[in-house]
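Student: Contents of structure39.txt (compact mmCIF, C-alpha atoms):
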# COMPACT_ATOMS: atom_id res chain seq x y z
CA MET V 29 2.26 1.35 -43.50
CA ILE V 30 4.65 2.07 -40.64
CA GLY V 31 3.03 1.37 -37.28
CA LEU V 32 0.51 -1.11 -38.67
CA GLY V 33 2.11 -3.97 -36.73
CA THR V 34 1.62 -2.20 -33.40
CA PHE V 35 -2.01 -1.49 -34.26
CA ILE V 36 -2.67 -5.11 -35.26
CA ASN V 37 -1.02 -6.45 -32.12
CA SER V 38 -2.95 -4.10 -29.84
CA VAL V 39 -6.29 -4.87 -31.48
CA SER V 40 -5.62 -8.62 -31.27
CA ILE V 41 -5.04 -8.32 -27.52
CA ILE V 42 -8.29 -6.39 -27.06
CA ALA V 43 -10.19 -8.93 -29.17
CA GLY V 44 -8.68 -11.87 -27.32
CA GLY V 45 -9.41 -10.21 -24.00
CA LEU V 46 -13.04 -9.55 -24.86
CA ILE V 47 -13.58 -13.12 -26.00
CA GLY V 48 -11.85 -14.43 -22.88
CA HIS V 49 -13.92 -12.14 -20.65
CA PHE V 50 -17.28 -13.31 -21.97
CA ALA V 51 -16.14 -16.94 -22.09
CA GLY V 52 -14.80 -16.69 -18.54
CA ARG V 53 -18.19 -15.59 -17.24
CA LEU V 54 -19.56 -18.96 -18.32
CA LEU V 55 -16.87 -20.96 -16.54
CA LYS V 56 -16.93 -22.17 -12.97
CA PRO V 57 -14.12 -21.04 -10.62
CA ASP V 58 -12.50 -24.49 -10.73
CA MET V 59 -12.40 -24.37 -14.52
CA GLN V 60 -10.93 -20.86 -14.45
CA ASP V 61 -8.22 -22.00 -12.06
CA ALA V 62 -7.46 -25.00 -14.25
CA LEU V 63 -7.14 -22.76 -17.32
CA ASN V 64 -4.86 -20.41 -15.40
CA LYS V 65 -2.57 -23.30 -14.48
CA ALA V 66 -2.67 -24.63 -18.04
CA CYS V 67 -1.69 -21.20 -19.33
CA GLY V 68 1.14 -21.05 -16.82
CA VAL V 69 2.46 -24.48 -17.82
CA SER V 70 2.35 -23.43 -21.48
CA VAL V 71 4.32 -20.29 -20.70
CA LEU V 72 6.87 -22.36 -18.75
CA PHE V 73 7.51 -24.75 -21.62
CA ILE V 74 7.71 -21.94 -24.18
CA ALA V 75 10.30 -20.26 -21.97
CA ILE V 76 12.25 -23.46 -21.31
CA ALA V 77 12.44 -24.21 -25.04
CA GLY V 78 13.71 -20.71 -25.78
CA ALA V 79 16.24 -20.71 -22.94
CA MET V 80 17.62 -24.15 -23.81
CA GLU V 81 17.97 -23.12 -27.44
CA GLY V 82 20.21 -20.30 -26.29
CA MET V 83 22.17 -22.19 -23.61
CA LEU V 84 22.70 -25.61 -25.21
CA ARG V 85 24.66 -26.59 -28.28
CA ILE V 86 26.00 -29.80 -29.83
CA GLU V 87 29.74 -30.22 -30.23
CA GLU V 88 31.29 -33.49 -31.43
CA ASN V 89 28.09 -35.43 -30.70
CA ALA V 90 27.98 -34.06 -27.13
CA LEU V 91 25.48 -31.67 -25.61
CA ILE V 92 27.32 -28.65 -24.21
CA SER V 93 25.81 -25.95 -22.02
CA GLY V 94 26.92 -22.33 -21.95
CA GLN V 95 25.95 -18.73 -21.17
CA SER V 96 25.32 -19.64 -17.51
CA MET V 97 27.49 -16.88 -16.07
CA PHE V 98 26.04 -14.42 -18.57
CA VAL V 99 22.49 -15.25 -17.42
CA VAL V 100 23.44 -15.02 -13.74
CA LEU V 101 25.15 -11.65 -14.12
CA CYS V 102 22.38 -10.10 -16.22
CA LEU V 103 19.63 -11.29 -13.90
CA THR V 104 21.30 -10.37 -10.62
CA VAL V 105 22.56 -6.95 -11.70
CA GLY V 106 19.40 -6.20 -13.66
CA THR V 107 17.15 -7.21 -10.77
CA ALA V 108 19.16 -5.06 -8.34
CA ILE V 109 18.70 -2.06 -10.65
CA GLY V 110 14.99 -2.81 -11.05
CA GLU V 111 14.47 -3.12 -7.30
CA LEU V 112 16.17 0.22 -6.73
CA LEU V 113 14.03 1.87 -9.42
CA GLY V 114 10.84 0.21 -8.20
CA ILE V 115 9.65 -0.74 -11.70
CA GLU V 116 7.09 -3.22 -10.37
CA ARG V 117 5.51 -0.52 -8.22
CA GLY V 118 5.20 1.65 -11.31
CA PHE V 119 3.31 -1.11 -13.13
CA GLU V 120 1.07 -1.62 -10.12
CA ARG V 121 0.30 2.09 -9.85
CA LEU V 122 -0.62 2.16 -13.52
CA GLY V 123 -2.84 -0.89 -12.97
CA GLU V 124 -4.55 0.74 -10.01
CA TRP V 125 -5.12 3.95 -11.99
CA LEU V 126 -6.62 2.00 -14.89
CA LYS V 127 -8.75 -0.03 -12.50
CA TYR V 128 -10.55 3.02 -11.16
CA LYS V 129 -10.61 4.97 -14.41
CA SER V 130 -12.20 2.00 -16.18
CA GLY V 131 -14.84 1.53 -13.51
CA ASN V 132 -13.37 -1.69 -12.15
CA GLY V 133 -12.58 -0.43 -8.66
CA ARG V 134 -14.29 -3.40 -7.03
CA ASP V 135 -12.26 -5.99 -8.94
CA PRO V 136 -9.57 -7.24 -6.50
CA ASP V 137 -7.68 -9.13 -9.23
CA PHE V 138 -7.55 -6.34 -11.80
CA THR V 139 -4.05 -5.04 -11.01
CA ASP V 140 -2.40 -8.46 -10.75
CA SER V 141 -3.96 -9.65 -13.99
CA PHE V 142 -2.99 -6.42 -15.76
CA VAL V 143 0.64 -6.59 -14.62
CA THR V 144 1.03 -10.30 -15.41
CA ALA V 145 -0.56 -10.02 -18.85
CA SER V 146 1.37 -6.85 -19.72
CA LEU V 147 4.70 -8.44 -18.90
CA THR V 148 3.80 -11.61 -20.79
CA VAL V 149 3.02 -9.83 -24.06
CA CYS V 150 5.70 -7.11 -23.81
CA ILE V 151 8.73 -9.25 -22.93
CA GLY V 152 10.54 -10.93 -25.77
CA ALA V 153 12.60 -10.27 -28.86
CA MET V 154 9.58 -10.47 -31.18
CA ALA V 155 8.17 -7.25 -29.74
CA ILE V 156 11.42 -5.31 -30.15
CA VAL V 157 12.73 -6.78 -33.41
CA GLY V 158 9.26 -6.79 -34.96
CA ALA V 159 8.73 -3.13 -34.07
CA ILE V 160 12.15 -2.20 -35.49
CA ARG V 161 11.37 -4.01 -38.77
CA ASP V 162 8.02 -2.23 -38.87
CA GLY V 163 9.65 1.15 -38.31
CA ILE V 164 12.45 0.78 -40.85
CA LEU V 165 11.03 -1.48 -43.55
CA GLY V 166 7.31 -1.10 -42.99
CA ASP V 167 7.26 -4.90 -42.54
CA CYS V 168 4.69 -5.84 -39.91
CA SER V 169 4.83 -9.61 -40.53
CA MET V 170 6.64 -10.46 -37.28
CA LEU V 171 4.25 -8.39 -35.18
CA ALA V 172 1.33 -9.97 -37.05
CA VAL V 173 2.55 -13.42 -36.00
CA LYS V 174 2.98 -12.15 -32.45
CA ALA V 175 -0.57 -10.76 -32.62
CA VAL V 176 -1.97 -14.25 -33.27
CA LEU V 177 -0.01 -15.70 -30.34
CA ASP V 178 -1.05 -12.85 -28.04
CA PHE V 179 -4.70 -13.21 -29.10
CA ILE V 180 -4.77 -16.82 -27.92
CA LEU V 181 -2.73 -16.19 -24.78
CA ILE V 182 -4.73 -13.16 -23.62
CA ALA V 183 -8.04 -14.92 -24.34
CA VAL V 184 -7.04 -17.78 -22.03
CA MET V 185 -5.54 -15.48 -19.39
CA THR V 186 -8.58 -13.20 -19.34
CA SER V 187 -10.99 -16.11 -18.97
CA SER V 188 -9.11 -17.32 -15.90
CA MET V 189 -7.54 -14.19 -14.36
CA GLY V 190 -9.98 -11.39 -15.15
CA LYS V 191 -10.51 -8.42 -17.43
CA GLY V 192 -7.39 -6.59 -16.28
CA CYS V 193 -5.60 -8.64 -18.94
CA VAL V 194 -7.46 -6.77 -21.69
CA PHE V 195 -5.77 -3.52 -20.68
CA SER V 196 -2.34 -5.01 -21.43
CA ALA V 197 -3.01 -3.65 -24.92
CA ILE V 198 -2.09 -0.20 -23.57
CA PRO V 199 1.55 -0.89 -22.58
CA VAL V 200 1.98 -2.99 -25.73
CA PHE V 201 0.79 -0.10 -27.89
CA ILE V 202 3.05 2.37 -26.06
CA PHE V 203 6.10 0.08 -26.03
CA GLU V 204 5.93 -1.24 -29.59
CA GLY V 205 4.83 2.13 -30.93
CA SER V 206 7.78 3.85 -29.27
CA VAL V 207 10.25 1.29 -30.61
CA THR V 208 8.74 1.67 -34.09
CA LEU V 209 9.16 5.44 -33.98
CA LEU V 210 12.74 5.14 -32.70
CA ALA V 211 13.58 2.22 -35.02
CA ARG V 212 16.22 4.03 -37.06
CA LEU V 213 18.09 4.94 -33.88
CA LEU V 214 17.79 1.45 -32.34
CA ALA V 215 18.53 -0.66 -35.42
CA PRO V 216 22.35 -0.26 -35.39
CA PHE V 217 22.47 -1.56 -31.81
CA MET V 218 20.36 -4.66 -32.49
CA THR V 219 23.06 -6.87 -33.96
CA GLY V 220 22.63 -10.62 -34.31
CA THR V 221 24.46 -11.14 -31.02
CA ALA V 222 22.36 -8.52 -29.25
CA ILE V 223 19.13 -10.15 -30.44
CA PHE V 224 20.43 -13.57 -29.35
CA TYR V 225 21.24 -12.30 -25.84
CA LEU V 226 17.97 -10.40 -25.63
CA SER V 227 16.00 -13.51 -26.58
CA LEU V 228 17.84 -15.62 -24.01
CA ILE V 229 17.21 -13.27 -21.09
CA GLY V 230 13.68 -12.58 -22.28
CA THR V 231 12.78 -16.27 -22.19
CA VAL V 232 14.15 -16.56 -18.64
CA LEU V 233 11.88 -13.71 -17.57
CA ILE V 234 8.94 -15.39 -19.31
CA PHE V 235 9.75 -18.52 -17.29
CA CYS V 236 9.41 -16.45 -14.13
CA ILE V 237 5.97 -15.31 -15.29
CA GLY V 238 5.01 -18.97 -15.74
CA VAL V 239 6.16 -19.71 -12.19
CA ASN V 240 3.90 -16.93 -10.90
CA LEU V 241 0.94 -18.34 -12.84
CA VAL V 242 1.38 -21.99 -11.84
CA TRP V 243 2.46 -21.69 -8.22
CA ASP V 244 0.87 -18.33 -7.40
CA LYS V 245 4.26 -16.92 -6.41
CA ARG V 246 5.19 -13.26 -6.44
CA ILE V 247 8.43 -13.05 -8.36
CA ARG V 248 8.67 -9.35 -9.17
CA VAL V 249 9.34 -9.88 -12.86
CA ALA V 250 8.97 -6.20 -13.75
CA ASN V 251 11.94 -5.41 -11.51
CA MET V 252 13.99 -7.86 -13.61
CA LEU V 253 13.39 -5.96 -16.87
CA PRO V 254 16.73 -4.04 -16.76
CA ALA V 255 18.38 -7.43 -17.33
CA MET V 256 17.18 -7.23 -20.94
CA LEU V 257 18.94 -3.91 -21.45
CA LEU V 258 22.09 -5.34 -19.92
CA ALA V 259 21.82 -8.30 -22.30
CA VAL V 260 21.91 -5.96 -25.29
CA LEU V 261 24.82 -3.98 -23.84
CA ALA V 262 26.72 -7.22 -23.19
CA ALA V 263 26.78 -7.89 -26.92
CA TYR V 264 29.43 -5.18 -27.18
CA LEU V 265 31.72 -6.66 -24.54
CA PRO V 266 34.46 -8.73 -26.23
CA TRP V 267 34.96 -11.11 -23.30
CA ILE V 268 31.29 -12.21 -23.18
CA SER V 269 30.81 -15.53 -24.96
Represent the supplied structure as structure tokens.
Tutor:
Amino acid sequence: MIGLGTFINSVSIIAGGLIGHFAGRLLKPDMQDALNKACGVSVLFIAIAGAMEGMLRIEENALISGQSMFVVLCLTVGTAIGELLGIERGFERLGEWLKYKSGNGRDPDFTDSFVTASLTVCIGAMAIVGAIRDGILGDCSMLAVKAVLDFILIAVMTSSMGKGCVFSAIPVFIFEGSVTLLARLLAPFMTGTAIFYLSLIGTVLIFCIGVNLVWDKRIRVANMLPAMLLAVLAAYLPWIS
């Protein structure tokens, strides 16, 4: 059934969030902070592995790096576009609206946890490619795998960051659902090269999320999202390699 993958992924986030919320209430603040850092370190290493897979290759028994200029250009230009558009502010406004509509107006961490969790589960090639496969072939297997990963990740994040993480199911449902509905239009543009570039830039953005989690920094990752669109467009430029 077309759209089943989006439904499964959204439900898994809600389930993971609920489990994390009730488990988090039993944990002391020090334990919550430790879990938050552990989650951040996990995200960092997942991102590093993905980025190195895209930037390193073996030639004649030597390890060769590449795509550095591509990454720099996508991130700098994409971030400049995102800053001008104020994408991060849009996420924060949505988080604030959800905070009060859901009766969590007194939760000071709701918006930050919502934004961080939403970006973590929305960014990545699995969300886009999985939704396209679901829309065209009715194959939800990739989104089902993502659902398991998101279940674990959101459970840990909710236990340490707060129940705002549970509401990340909303942007995931909207994003993946939209891609699924538009799959036949998007599929021709998602060539092997486009998916490769998208995955590379996506993992770099996930790394930035890990930095925010571990060191409590405020890298405005949402404002870097246009870099992913630029990565797909770059697949059609003959001089990019």
Student: Could you state the separation of CA of Thr148 in chain V and CA of Ile182 in chain V in Å, given to one decimal place?
Tutor: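 Separation of CA of Thr148 in chain V and CA of Ile182 in chain V: 9.1 Å.
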Student: Out of V:Ile229, V:Ala159, V:Ala66, V:Leu261, which residue has the shortest atom-to-atom distance to Gly33 in chain V when counting all atoms listed in the file?
Tutor: V:Ala159
Student: Could you list, with a cut-off of 12 Å and counting only C-alpha atoms, the residues of range 34-129 of chain V near range 200-213 of chain V, each shown with its nearest atom pair and the distance in Å rounded to one decimal, rows sorted by chain and ascending number, as a tab-separated table?
Tutor:
residue	atom	partner	partner_atom	distance
V:Thr34	CA	V:Glu204	CA	5.8
V:Phe35	CA	V:Phe201	CA	7.1
V:Ile36	CA	V:Phe201	CA	9.6
V:Asn37	CA	V:Phe201	CA	7.8
V:Ser38	CA	V:Phe201	CA	5.8
V:Val39	CA	V:Phe201	CA	9.3
V:Ser40	CA	V:Val200	CA	11.0
V:Ile41	CA	V:Val200	CA	9.0
V:Ile42	CA	V:Val200	CA	10.9
Student: Could those selected residues go to a file with C-alpha atoms, as a compact mmCIF listing (two decimals), in the coordinates of the input?
Tutor:
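File selection_6.txt, as written:
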# COMPACT_ATOMS: atom_id res chain seq x y z
CA THR V 34 1.62 -2.20 -33.40
CA PHE V 35 -2.01 -1.49 -34.26
CA ILE V 36 -2.67 -5.11 -35.26
CA ASN V 37 -1.02 -6.45 -32.12
CA SER V 38 -2.95 -4.10 -29.84
CA VAL V 39 -6.29 -4.87 -31.48
CA SER V 40 -5.62 -8.62 -31.27
CA ILE V 41 -5.04 -8.32 -27.52
CA ILE V 42 -8.29 -6.39 -27.06
Student: Dump as CSV the rows for residues of range 176-208 of chain V within 10 Å of range 110-128 of chain V: closest atom pair and distance in Å with one decimal, all atoms listed in the file counted, ordered by chain and rising residue number.
Tutor:
residue,atom,partner,partner_atom,distance
V:Lys191,CA,V:Lys127,CA,9.9
V:Gly192,CA,V:Lys127,CA,7.7
V:Phe195,CA,V:Leu126,CA,8.0
V:Ser196,CA,V:Gly123,CA,9.4
V:Pro199,CA,V:Phe119,CA,9.6
Student: Counting all atoms listed in the file, which residues sit no farther than 9 Å from the position (-8.1, -14.3, -13.7) in the file's frame? I'd like them as a PyMOL selection string.
Tutor: chain V and resi 52+60-61+64+137-138+140-141+185-193
